[in-house]
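Written below as structure tokens is the structure these notes are about.
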Number of protein chains: 4
Amino acid sequence: MAENGAKRIRLGMVGGGSGAFIGYVHRIASRIDGDYDLIAGALSSRPEVAQESGRNLGLAEDRIYTSYEEMARAEAARPDGIEAVSIVTPNHMHFGPAKAFLEAGIHVICDKPITSNLEDARKLAQIQPKNGAKFLLTHNYTGYPLIRQARELVASGALGKIRVVQAEYAQDWLTEPAGDDNKQAAWRTDPARSGAGGCIGDIGTHAYNLARFVTGLKTEAVSADLTAFVPGRQLDDNVHIMLRFEGGAKGMLWASQVAVGKENGLQLRVYGDKAGIEWSQENPNYMWFTEFGKPRQLLTRGGSISVPAAASMNVRIPSGHPEGYLEAFATLYSQFAAVIRGEGADYEGLLPTMADGIEGMQFITASVKSSANDSRWTRFDEV
Amino acid sequence: MAENGAKRIRLGMVGGGSGAFIGYVHRIASRIDGDYDLIAGALSSRPEVAQESGRNLGLAEDRIYTSYEEMARAEAARPDGIEAVSIVTPNHMHFGPAKAFLEAGIHVICDKPITSNLEDARKLAQIQPKNGAKFLLTHNYTGYPLIRQARELVASGALGKIRVVQAEYAQDWLTEPAGDDNKQAAWRTDPARSGAGGCIGDIGTHAYNLARFVTGLKTEAVSADLTAFVPGRQLDDNVHIMLRFEGGAKGMLWASQVAVGKENGLQLRVYGDKAGIEWSQENPNYMWFTEFGKPRQLLTRGGSISVPAAASMNVRIPSGHPEGYLEAFATLYSQFAAVIRGEGADYEGLLPTMADGIEGMQFITASVKSSANDSRWTRFDEV
Amino acid sequence: MAENGAKRIRLGMVGGGSGAFIGYVHRIASRIDGDYDLIAGALSSRPEVAQESGRNLGLAEDRIYTSYEEMARAEAARPDGIEAVSIVTPNHMHFGPAKAFLEAGIHVICDKPITSNLEDARKLAQIQPKNGAKFLLTHNYTGYPLIRQARELVASGALGKIRVVQAEYAQDWLTEPAGDDNKQAAWRTDPARSGAGGCIGDIGTHAYNLARFVTGLKTEAVSADLTAFVPGRQLDDNVHIMLRFEGGAKGMLWASQVAVGKENGLQLRVYGDKAGIEWSQENPNYMWFTEFGKPRQLLTRGGSISVPAAASMNVRIPSGHPEGYLEAFATLYSQFAAVIRGEGADYEGLLPTMADGIEGMQFITASVKSSANDSRWTRFDEV
Amino acid sequence: MAENGAKRIRLGMVGGGSGAFIGYVHRIASRIDGDYDLIAGALSSRPEVAQESGRNLGLAEDRIYTSYEEMARAEAARPDGIEAVSIVTPNHMHFGPAKAFLEAGIHVICDKPITSNLEDARKLAQIQPKNGAKFLLTHNYTGYPLIRQARELVASGALGKIRVVQAEYAQDWLTEPAGDDNKQAAWRTDPARSGAGGCIGDIGTHAYNLARFVTGLKTEAVSADLTAFVPGRQLDDNVHIMLRFEGGAKGMLWASQVAVGKENGLQLRVYGDKAGIEWSQENPNYMWFTEFGKPRQLLTRGGSISVPAAASMNVRIPSGHPEGYLEAFATLYSQFAAVIRGEGADYEGLLPTMADGIEGMQFITASVKSSANDSRWTRFDEV
């Protein structure tokens with residue numbers, strides 16, 4: 001049962017079979033707050049892997065599917081059918097399942113980016129979900145308590161008028177050509193499965209989304225310089241972008257998968273005319289907050305603050321007891337559960353939606369276009 | 001279901017009603033890896049709180065108990081009765097339930113310290129658990145992956161002969177006299193419920209246990225200076241201890257709940273004649289490892305290392321994706337599940353047991369005695 | 001006397017009167033290693049300030065000048081005249097004194113940027129210094145021991161082929177409009193005295209120079225977006241630049257004087273296909289060095305390293321005893337002294353010269369031009 | 001000349017010949033602020049080293065001495081004789097020179113500890129210095145600006161009543177037996193030259209002095225456990241001490257020269273009932289300051305603070321431009337110069353004196369005695 005006594009939501013999963021990374025993450029996230037029970041799955045496009053993975057997860061035989069279309073149809077027809085589904089396939093396999101389940105009246109939790117191209121994203125937004133089925137895009141980093149706090153600080157005016165945004169997301173795991181056996185690397189560097197963006201789609205969108213989530217600034221245009229450093233790589237593995245926001249704020253965004261020494265270096269820094277904040281995902285329980293002319297303050301998750309706490313922070317344990325990536329991910333799951341149950345309308349504005357997904361695809365598409373045009377400033381409405 | 005397809009273990013809980021901190025933590029820990037289902041509870045000694053808390057957690061009416069004795073009896077008698085129970089009451093209420101469930105053949109997961117006095121701990125060790133029921137003491141900090149790594153580094157000889165151990169655990173939440181409404185503070189500063197140690201029992205034992213877990217050194221004697229700084233407080237809120245280990249290593253241990261600015265500052269530093277390590281709980285995904293005459297290395301949870309990884313590390317997600325307190329706690333739960341199912345004999349030596357509980361009580365008792373005798377060096381076999 | 005028994009070099013100073021910041025820094029830098037004696041000065045363009053400042057520094061009456069032309073003439077004529085002069089005036093007042101002293105056969109130590117415009121810089125390079133008088137541009141951050149180490153690491157191939165360079169220099173002291181009484185702010189935000197660049201000239205050039213010094217990469221082109229955020233400010237106070245280097249490496253450079261919470265945040269990060277380094281000026285005695293697939297190493301100034309030490313590091317005191325800004329500055333002074341004395345030909349390639357000064361002006365000029373052309377990629381040979 | 005136009009003080013040096021570490025440090029410290037000129041020296045007890053070292057430093061032939069007695073006599077007799085002398089010999093060679101120069105009316109700047117035994121320290125305090133010659137003990141770490149700030153914070157009551165003091169000073173350079181060629185190690189591990197304390201005298205006294213300087217607390221008693229870990233070593237290389245202060249505050253002090261990975265890890269943490277501070281020497285431009293129930297603040301040297309700045313802070317350059325060990329050392333030199341010139345009576349209470357030297361010897365002596373008596377609490381007035 002959930003901690004608040006509500007019945008657990010019956011959950012299915014598409015993708016996430018043996019050896020998958022993000023499916024496993026979604027499963028843990030669904031369990032942490034006790035709001036879901038995973039009972040069905042089309043865990044792989046390869047039937048035997050789907051079967052074996054399903055059995056390993058203890059799914060009943062008749063809830064193990066080898067096709068997501070069949071799963072959507074069958075589950076929608078059962079009285080005890082799943083109420084929500086998690087889609088954790090590679091990018092090009094998001095659109096089909098998302099459409100199928102939404103049209104079957106089943107809530108969708110979809111990994112990012114929303115699709116592998118902007119056209120699909122726009123088509124998805126035209127779908128008429130049956131019975132008001134809802135959609136969650138797991139830009140999981142928005143679930144971190146201090147990111148919620150940062151958003152509220154900006155919204156409250158504590159930073160004043162925002163001037164400068166510095167976002168970055170640097171890793172090093174694609175520094176060398178990936179071997180054929182590296183399943184995670186294979187699809188991410190393949191345009192057929194990832195879309196036109198490599199690093200920019202895989203992690204650049206996270207950094208972009210985080211900047212947007214915290215600042216609320218609307219993007220005017222991007223000037224991008226995308227590079228594939230590793231010989232033979234077809235998609236970018238390093239991304240340099242300058243941003244212009246409506247109202248005059250400026251930004252820079254660096255994403256890289258060839259920055260040796262970086263593990264999962266997502267970092268956001270925002271400076272207004274009154275104060276600045278700095279946050280880094282690798283140590284997410286701390287955030288610098290400095291008011292001009294005063295000493296730097298190190299805010300802690302759930303700790304003492306000199307500003308109002310964000311109501312939407314889901315702080316499970318006291319400050320000093322570190323929460324991490326999985327708890328932030330779980331917050332999206334549990335707040336989406338509240339939305340599904342109709343308890344949590346307040347969360348709805350916070351949780352990443354289809355509109356965020358489309359904007360993410362605009363970001364990728366405009367950046368790729370700018371880069372192809374010698375970094376010409378490119379507006380989102382051009383793509 | 002568990003990730004490995006095993007059936008979930010049926011779990012009960014004693015203590016952990018509304019407003020409790022550690023019971024909530026245990027519940028999350030039990031869910032993360034999907035190895036347990038909480039289905040019964042005696043969640044409070046106050047019947048109405050027990051009822052309401054049980055309902056809030058969605059327990060069936062006939063699985064909500066107002067007495068742990070009754071719960072042990074009834075659950076042992078049911079074919080679908082609980083297989084394990086989590087005891088998350090204040091210290092003086094550990095012994096009774098632990099005895100009752102072990103004698104009923106139900107596995108026990110007990111919060112630390114094991115009891116409120118050494119005599120009870122020794123009595124508990126004399127119990128004959130029915131059907132080989134097993135006992136886990138949740139010294140949860142031993143579940144951190146890098147603590148497992150540290151233990152393995154020491155065991156492998158990478159540090160050489162250990163010379164110096166510096167352990168500390170500093171907080172500040174008891175800096176001022178606690179109000180009557182502070183439930184967490186009330187029992188921790190009450191000798192009737194905590195036992196003879198305040199800060200030393202609440203957090204000092206964690207620091208001690210961690211030092212012992214990592215180094216494997218046996219303690220010879222302690223010289224302690226315990227202080228209650230807050231006027232009117234009956235138990236120590238600051239602890240200074242010098243330690244002597246067999247074989248000549250020396251240590252210091254500082255525990256405090258009045259160190260302003262410290263949230264949950266558990267830290268361990270170990271120096272041998274070949275290398276040293278330093279680890280801090282508030283940012284637990286990193287550990288310094290320095291070999292003499294070489295640059296400091298910052299090892300990361302699941303990241304590249306120049307030494308063999310600890311086989312017992314339960315690394316759920318890649319390095320750079322921070323895991324935290326709850327995951328470390330969950331590792332104890334999931335590895336204990338493996339032990340219960342007979343899958344995980346390898347873990348048995350790693351998981352804190354009754355012997356660790358008794359040693360923790362010796363540590364408290366010897367330290368209190370030393371402090372009362374002007375810090376005279378006091379051996380564990382004197383108490 | 002100098003530590004090596006050589007006679008101290010007789011030094012003069014132009015600028016640096018009462019209330020000046022950088023002149024004071026130059027004086028300390030000149031004293032630390034005992035290689036110079038300050039004996040003459042034209043410390044201010046205002047005669048009474050020049051007189052008073054000279055007396056305060058204990059200069060003999062006849063060595064206090066109110067005009068640098070007079071000073072150059074008089075000192076060159078004296079048998080005990082100054083051998084070198086430090087020019088520490090605002091940017092637009094570098095060219096005149098530098099020309100005068102070089103043509104008088106007196107060595108010049110000149111603050112950066114070399115001049116207030118590229119044309120002057122090129123003219124200066126055409127000067128025929130008398131008697132081989134030498135020129136040092138105080139890009140002082142190149143004097144940090146670990147920056148020397150970084151340069152050597154790159155040169156040795158330890159990083160492999162360089163792919164990505166991230167340079168930044170962020171401050172916050174110009175977050176608000178500067179009052180008229182703020183002498184430091186006044187000239188830096190005045191095009192007549194600073195030149196066409198504000199923040200980019202004041203600190204952006206330092207970041208650029210540091211990146212070039214360490215990597216040795218030649219710049220191909222820049223794409224820049226310069227902004228003056230503070231209402232009424234005539235020069236940029238925030239700078240976003242993308243860089244392309246010969247051979248395919250890419251870079252980003254952020255400089256800002258409105259980033260609230262930043263004091264003197266100069267930072268350099270360089271990633272090659274074998275290893276990466278990260279260094280931050282505010283804690284300059286440490287540098288991260290990570291080889292791909294190995295743990296991060298924290299190199300310390302003068303500490304253990306797994307790679308050859310840089311011969312040009314001027315390490316005065318053991319690791320763990322922090323050196324700072326003044327020592328790095330002093331290293332330029334003492335190594336220039338060695339060059340002047342003919343002891344130190346090895347240093348000559350390391351010390352920033354007129355060519356570096358011209359390149360710095362190209363960087364400023366090309367960036368300003370690019371920004372005025374909607375961030376068009378602009379080559380240095382276009383300016 | 002000094003920056004304030006005063007004439008430089010004529011300085012001599014005893015010890016500090018070729019290869020010496022601390023003599024070189026003293027020389028730089030004497031130069032930074034331009035208050036001294038080194039013109040005479042008895043730089044070694046070995047005549048040929050004294051001669052060569054003197055020549056290398058450019059001393060005039062007749063100012064190079066081979067005996068400090070001769071130097072004291074000759075310099076006192078010259079009209080242009082030295083006004084002050086720096087004593088930078090091993091501990092057992094402090095007493096003789098200090099006595100000789102004070103009795104000759106020459107101010108003394110003496111490295112710590114003041115002597116090699118308590119008896120000598122007390123004898124030195126009985127000396128009648130001629131002409132009011134003054135004495136400075138170079139507990140150099142008290143010169144750090146933020147340590148001055150810390151002292152003022154405590155004195156102002158910002159921390160409230162002090163409860164807990166945690167001081168530590170850990171290094172690793174004596175982890176292995178020192179070779180015969182290690183001059184620095186040789187005398188420090190030799191009772192004949194160091195006195196009864198090894199690590200405790202060399203660095204423990206610094207940590208003790210710093211705690212005393214900042215808190216102003218008087219020590220009541222110590223309980224110590226000293227260890228020589230390296231086989232064959234005659235003096236302690238690791239020190240564990242518990243402290244009791246008058247008024248009820250408690251402390252711990254750890255000093256070690258065998259803590260692998262530590263370079264020069266001097267650290268001070270002080271907790272009162274209102275606020276706490278934490279400072280670490282290796283990154284000395286930052287200090288944590290936390291008021292109970294408020295966020296942690298990171299104070300910076302010369303940066304914004306929410307409390308009054310320490311008037312005695314000698315801040316040469318703006319925050320963000322790191323100052324280090326040498327500047328802190330230089331502050332003692334320049335403030336002592338102000339005392340000598342009669343400008344700086346305000347500094348006199350701040351600069352470490354003979355009384356501090358005696359207390360340092362009491363600390364060593366009481367600790368050695370306590371350790372020899374199985375860590376019995378030992379009062380300073382017992383030794």
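For the structure tokens, the naming scheme is as follows: chains receive sequential letters (A, B, ...) according to their order of presentation, residues are indexed from 1 within each chain, and ligands are indexed from 1 in presentation order.
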
Mind listing as a ChimeraX atom specification which residues of chain D are within 9 Å of chain C, counting only C-alpha atoms? /D:1-7,21,24-25,27-34,37-39,54-59,171,262-265,281-285,303,316-327

Can you list every residue in stretch 82-115 of chain B that DSSP puts in helix (DSSP H, G or I), as a PyMOL selection string? chain B and resi 91-93+95-103

What would the file look like if the residues just selected were written as a short mmCIF file (atom, residue, chain, number, x, y, z; two decimals), in the first residue's frame with all heavy atoms?
data_model
loop_
_atom_site.label_atom_id
_atom_site.label_comp_id
_atom_site.auth_asym_id
_atom_site.auth_seq_id
_atom_site.Cartn_x
_atom_site.Cartn_y
_atom_site.Cartn_z
N ASN B 91 14.64 2.42 22.29
CA ASN B 91 15.59 1.38 22.72
C ASN B 91 15.05 0.41 23.76
O ASN B 91 15.26 -0.80 23.67
CB ASN B 91 16.86 2.02 23.30
CG ASN B 91 17.49 3.00 22.35
OD1 ASN B 91 17.11 3.08 21.18
ND2 ASN B 91 18.46 3.77 22.83
N HIS B 92 14.36 0.94 24.78
CA HIS B 92 13.93 0.07 25.88
C HIS B 92 12.82 -0.88 25.43
O HIS B 92 12.48 -1.81 26.15
CB HIS B 92 13.45 0.92 27.06
CG HIS B 92 12.13 1.60 26.82
ND1 HIS B 92 11.91 2.43 25.75
CD2 HIS B 92 10.97 1.58 27.51
CE1 HIS B 92 10.67 2.90 25.78
NE2 HIS B 92 10.08 2.39 26.84
N MET B 93 12.29 -0.65 24.25
CA MET B 93 11.23 -1.51 23.73
C MET B 93 11.73 -2.40 22.59
O MET B 93 10.97 -2.82 21.74
CB MET B 93 10.05 -0.66 23.26
CG MET B 93 9.19 -0.11 24.38
SD MET B 93 8.42 -1.47 25.32
CE MET B 93 7.34 -2.14 24.02
N PHE B 95 13.95 -5.16 23.35
CA PHE B 95 14.17 -6.51 23.89
C PHE B 95 12.90 -7.37 23.84
O PHE B 95 12.92 -8.50 23.34
CB PHE B 95 14.68 -6.40 25.34
CG PHE B 95 14.81 -7.73 26.00
CD1 PHE B 95 15.89 -8.57 25.70
CD2 PHE B 95 13.85 -8.19 26.91
CE1 PHE B 95 16.00 -9.81 26.31
CE2 PHE B 95 13.97 -9.44 27.50
CZ PHE B 95 15.04 -10.25 27.21
N GLY B 96 11.83 -6.83 24.37
CA GLY B 96 10.58 -7.60 24.46
C GLY B 96 10.13 -8.12 23.10
O GLY B 96 9.96 -9.35 22.91
N PRO B 97 9.91 -7.25 22.15
CA PRO B 97 9.48 -7.73 20.84
C PRO B 97 10.49 -8.67 20.18
O PRO B 97 10.09 -9.67 19.58
CB PRO B 97 9.32 -6.43 20.03
CG PRO B 97 9.09 -5.37 21.05
CD PRO B 97 9.86 -5.79 22.26
N ALA B 98 11.75 -8.36 20.29
CA ALA B 98 12.76 -9.20 19.64
C ALA B 98 12.65 -10.64 20.17
O ALA B 98 12.66 -11.62 19.41
CB ALA B 98 14.16 -8.64 19.86
N LYS B 99 12.55 -10.74 21.49
CA LYS B 99 12.42 -12.05 22.12
C LYS B 99 11.15 -12.75 21.65
O LYS B 99 11.16 -13.92 21.23
CB LYS B 99 12.38 -11.86 23.64
CG LYS B 99 12.26 -13.12 24.46
CD LYS B 99 12.46 -12.80 25.95
CE LYS B 99 12.47 -14.06 26.83
NZ LYS B 99 11.20 -14.77 26.84
N ALA B 100 10.04 -12.01 21.66
CA ALA B 100 8.75 -12.61 21.32
C ALA B 100 8.74 -13.16 19.89
O ALA B 100 8.28 -14.28 19.64
CB ALA B 100 7.64 -11.58 21.50
N PHE B 101 9.24 -12.39 18.97
CA PHE B 101 9.17 -12.84 17.57
C PHE B 101 10.18 -13.94 17.28
O PHE B 101 9.88 -14.88 16.56
CB PHE B 101 9.31 -11.64 16.61
CG PHE B 101 8.08 -10.80 16.55
CD1 PHE B 101 7.92 -9.68 17.36
CD2 PHE B 101 7.03 -11.16 15.70
CE1 PHE B 101 6.76 -8.92 17.33
CE2 PHE B 101 5.87 -10.40 15.66
CZ PHE B 101 5.73 -9.28 16.47
N LEU B 102 11.38 -13.81 17.83
CA LEU B 102 12.36 -14.88 17.60
C LEU B 102 11.83 -16.20 18.15
O LEU B 102 11.95 -17.24 17.50
CB LEU B 102 13.70 -14.52 18.26
CG LEU B 102 14.50 -13.41 17.55
CD1 LEU B 102 15.73 -13.05 18.38
CD2 LEU B 102 14.93 -13.87 16.14
N GLU B 103 11.24 -16.13 19.30
CA GLU B 103 10.73 -17.36 19.90
C GLU B 103 9.48 -17.87 19.17
O GLU B 103 9.08 -19.02 19.32
CB GLU B 103 10.42 -17.13 21.39
CG GLU B 103 11.71 -16.92 22.18
CD GLU B 103 11.49 -16.75 23.67
OE1 GLU B 103 10.34 -16.46 24.08
OE2 GLU B 103 12.47 -16.90 24.44
#

Between A:Ser256, A:Gln51, A:Ser375, A:Asn131, smallest distance to A:Phe229 by only C-alpha atoms belongs to A:Ser256

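Using only C-alpha atoms, the protein and nucleic acid residues lying no more than 12 Å from B:Ala178, apart from those fewer than 4 places from it along its own chain, are Asp172, Trp173, Leu174, Asn182, Lys183, Gln184, Ala185, Ala186, Trp187, Arg188, Thr189, Asp190, Val230, Pro231, Gly232, Arg233, Gln257 and Val258 of chain B.
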
Output N, CA, C and O atoms of each residue in that selection to a file, as an mmCIF file, in the first residue's frame.
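Result file follows (part.cif):
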data_model
loop_
_atom_site.group_PDB
_atom_site.id
_atom_site.type_symbol
_atom_site.label_atom_id
_atom_site.label_comp_id
_atom_site.auth_asym_id
_atom_site.auth_seq_id
_atom_site.Cartn_x
_atom_site.Cartn_y
_atom_site.Cartn_z
ATOM 1 N N ASP B 172 23.555 18.669 15.264
ATOM 2 C CA ASP B 172 23.303 19.840 16.119
ATOM 3 C C ASP B 172 21.854 19.962 16.583
ATOM 4 O O ASP B 172 21.511 20.936 17.246
ATOM 5 N N TRP B 173 21.064 18.973 16.318
ATOM 6 C CA TRP B 173 19.632 19.160 16.563
ATOM 7 C C TRP B 173 19.230 19.205 18.037
ATOM 8 O O TRP B 173 18.119 19.622 18.357
ATOM 9 N N LEU B 174 20.149 18.805 18.935
ATOM 10 C CA LEU B 174 19.837 18.918 20.374
ATOM 11 C C LEU B 174 20.602 20.056 21.031
ATOM 12 O O LEU B 174 20.838 20.038 22.240
ATOM 13 N N ASN B 182 8.662 17.578 21.040
ATOM 14 C CA ASN B 182 9.626 16.937 20.161
ATOM 15 C C ASN B 182 9.752 15.473 20.554
ATOM 16 O O ASN B 182 10.550 15.096 21.414
ATOM 17 N N LYS B 183 8.960 14.660 19.895
ATOM 18 C CA LYS B 183 8.874 13.239 20.203
ATOM 19 C C LYS B 183 10.222 12.539 20.028
ATOM 20 O O LYS B 183 10.618 11.697 20.824
ATOM 21 N N GLN B 184 10.924 12.904 18.945
ATOM 22 C CA GLN B 184 12.211 12.272 18.680
ATOM 23 C C GLN B 184 13.224 12.578 19.780
ATOM 24 O O GLN B 184 13.999 11.724 20.189
ATOM 25 N N ALA B 185 13.198 13.841 20.245
ATOM 26 C CA ALA B 185 14.159 14.239 21.279
ATOM 27 C C ALA B 185 13.789 13.658 22.629
ATOM 28 O O ALA B 185 14.662 13.288 23.428
ATOM 29 N N ALA B 186 12.483 13.574 22.894
ATOM 30 C CA ALA B 186 12.031 13.220 24.244
ATOM 31 C C ALA B 186 12.587 11.876 24.709
ATOM 32 O O ALA B 186 13.222 11.785 25.768
ATOM 33 N N TRP B 187 12.399 10.847 23.908
ATOM 34 C CA TRP B 187 12.848 9.539 24.409
ATOM 35 C C TRP B 187 14.362 9.385 24.340
ATOM 36 O O TRP B 187 14.965 8.656 25.128
ATOM 37 N N ARG B 188 14.973 10.110 23.405
ATOM 38 C CA ARG B 188 16.433 9.977 23.291
ATOM 39 C C ARG B 188 17.171 10.615 24.466
ATOM 40 O O ARG B 188 18.332 10.320 24.700
ATOM 41 N N THR B 189 16.526 11.528 25.160
ATOM 42 C CA THR B 189 17.195 12.183 26.297
ATOM 43 C C THR B 189 16.640 11.692 27.626
ATOM 44 O O THR B 189 16.882 12.286 28.663
ATOM 45 N N ASP B 190 15.931 10.582 27.586
ATOM 46 C CA ASP B 190 15.298 10.034 28.792
ATOM 47 C C ASP B 190 15.952 8.693 29.135
ATOM 48 O O ASP B 190 15.826 7.722 28.389
ATOM 49 N N VAL B 230 23.648 20.724 27.606
ATOM 50 C CA VAL B 230 22.414 21.483 27.740
ATOM 51 C C VAL B 230 21.912 21.382 29.175
ATOM 52 O O VAL B 230 21.773 20.275 29.703
ATOM 53 N N PRO B 231 21.671 22.528 29.798
ATOM 54 C CA PRO B 231 21.240 22.526 31.197
ATOM 55 C C PRO B 231 20.010 21.646 31.405
ATOM 56 O O PRO B 231 19.054 21.724 30.635
ATOM 57 N N GLY B 232 20.075 20.808 32.401
ATOM 58 C CA GLY B 232 18.931 19.974 32.735
ATOM 59 C C GLY B 232 18.882 18.647 32.002
ATOM 60 O O GLY B 232 18.088 17.772 32.330
ATOM 61 N N ARG B 233 19.739 18.509 30.992
ATOM 62 C CA ARG B 233 19.707 17.245 30.231
ATOM 63 C C ARG B 233 20.287 16.124 31.086
ATOM 64 O O ARG B 233 21.315 16.284 31.724
ATOM 65 N N GLN B 257 25.643 15.970 19.645
ATOM 66 C CA GLN B 257 24.360 16.435 19.127
ATOM 67 C C GLN B 257 24.173 17.929 19.407
ATOM 68 O O GLN B 257 23.081 18.459 19.299
ATOM 69 N N VAL B 258 25.303 18.571 19.739
ATOM 70 C CA VAL B 258 25.274 20.017 20.001
ATOM 71 C C VAL B 258 26.325 20.767 19.182
ATOM 72 O O VAL B 258 26.756 21.848 19.563
#

Assign secondary structure with DSSP using the backbone only, and return the residues of stretch 119-301 of chain C in strand (DSSP E or B) as a PyMOL selection string. chain C and resi 135-137+162-170+219-227+238-245+250-256+265-272+275-280+286-291+296-300

Using only C-alpha atoms, what table do you get, as a Markdown table, when you list each residue of stretch 179-285 of chain B with an atom no more than 8 Å from stretch 153-169 of chain B, its nearest pair of atoms, and their distance in Å rounded to one decimal, rows by chain then rising number?
| residue | atom | partner | partner_atom | distance |
| --- | --- | --- | --- | --- |
| B:Ile203 | CA | B:Tyr169 | CA | 6.5 |
| B:Gly204 | CA | B:Tyr169 | CA | 6.6 |
| B:His206 | CA | B:Tyr169 | CA | 8.0 |
| B:Ala207 | CA | B:Ala167 | CA | 5.9 |
| B:Tyr208 | CA | B:Ala167 | CA | 7.2 |
| B:Ala211 | CA | B:Ala167 | CA | 6.6 |
| B:Val214 | CA | B:Val154 | CA | 7.0 |
| B:Thr215 | CA | B:Val154 | CA | 6.2 |
| B:Gly216 | CA | B:Ala155 | CA | 8.0 |
| B:Gly248 | CA | B:Arg163 | CA | 7.2 |
| B:Ala249 | CA | B:Arg163 | CA | 4.4 |
| B:Lys250 | CA | B:Val164 | CA | 5.1 |
| B:Gly251 | CA | B:Val165 | CA | 4.4 |
| B:Met252 | CA | B:Gln166 | CA | 5.1 |
| B:Leu253 | CA | B:Ala167 | CA | 4.8 |
| B:Trp254 | CA | B:Glu168 | CA | 4.6 |
| B:Ala255 | CA | B:Tyr169 | CA | 4.7 |
| B:Ser256 | CA | B:Tyr169 | CA | 6.5 |
| B:Asn264 | CA | B:Tyr169 | CA | 7.0 |
| B:Gly265 | CA | B:Tyr169 | CA | 5.2 |
| B:Leu266 | CA | B:Tyr169 | CA | 4.0 |
| B:Gln267 | CA | B:Glu168 | CA | 5.3 |
| B:Leu268 | CA | B:Ala167 | CA | 4.6 |
| B:Arg269 | CA | B:Gln166 | CA | 5.0 |
| B:Val270 | CA | B:Val165 | CA | 4.6 |
| B:Tyr271 | CA | B:Val164 | CA | 5.2 |
| B:Gly272 | CA | B:Ile162 | CA | 3.9 |
| B:Asp273 | CA | B:Gly160 | CA | 5.2 |
| B:Lys274 | CA | B:Gly160 | CA | 4.8 |
| B:Ala275 | CA | B:Leu159 | CA | 4.3 |
| B:Gly276 | CA | B:Leu159 | CA | 6.1 |

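The space separating atom CA of A:Ser370 from atom CA of A:Leu226 comes to 9.0 Å.
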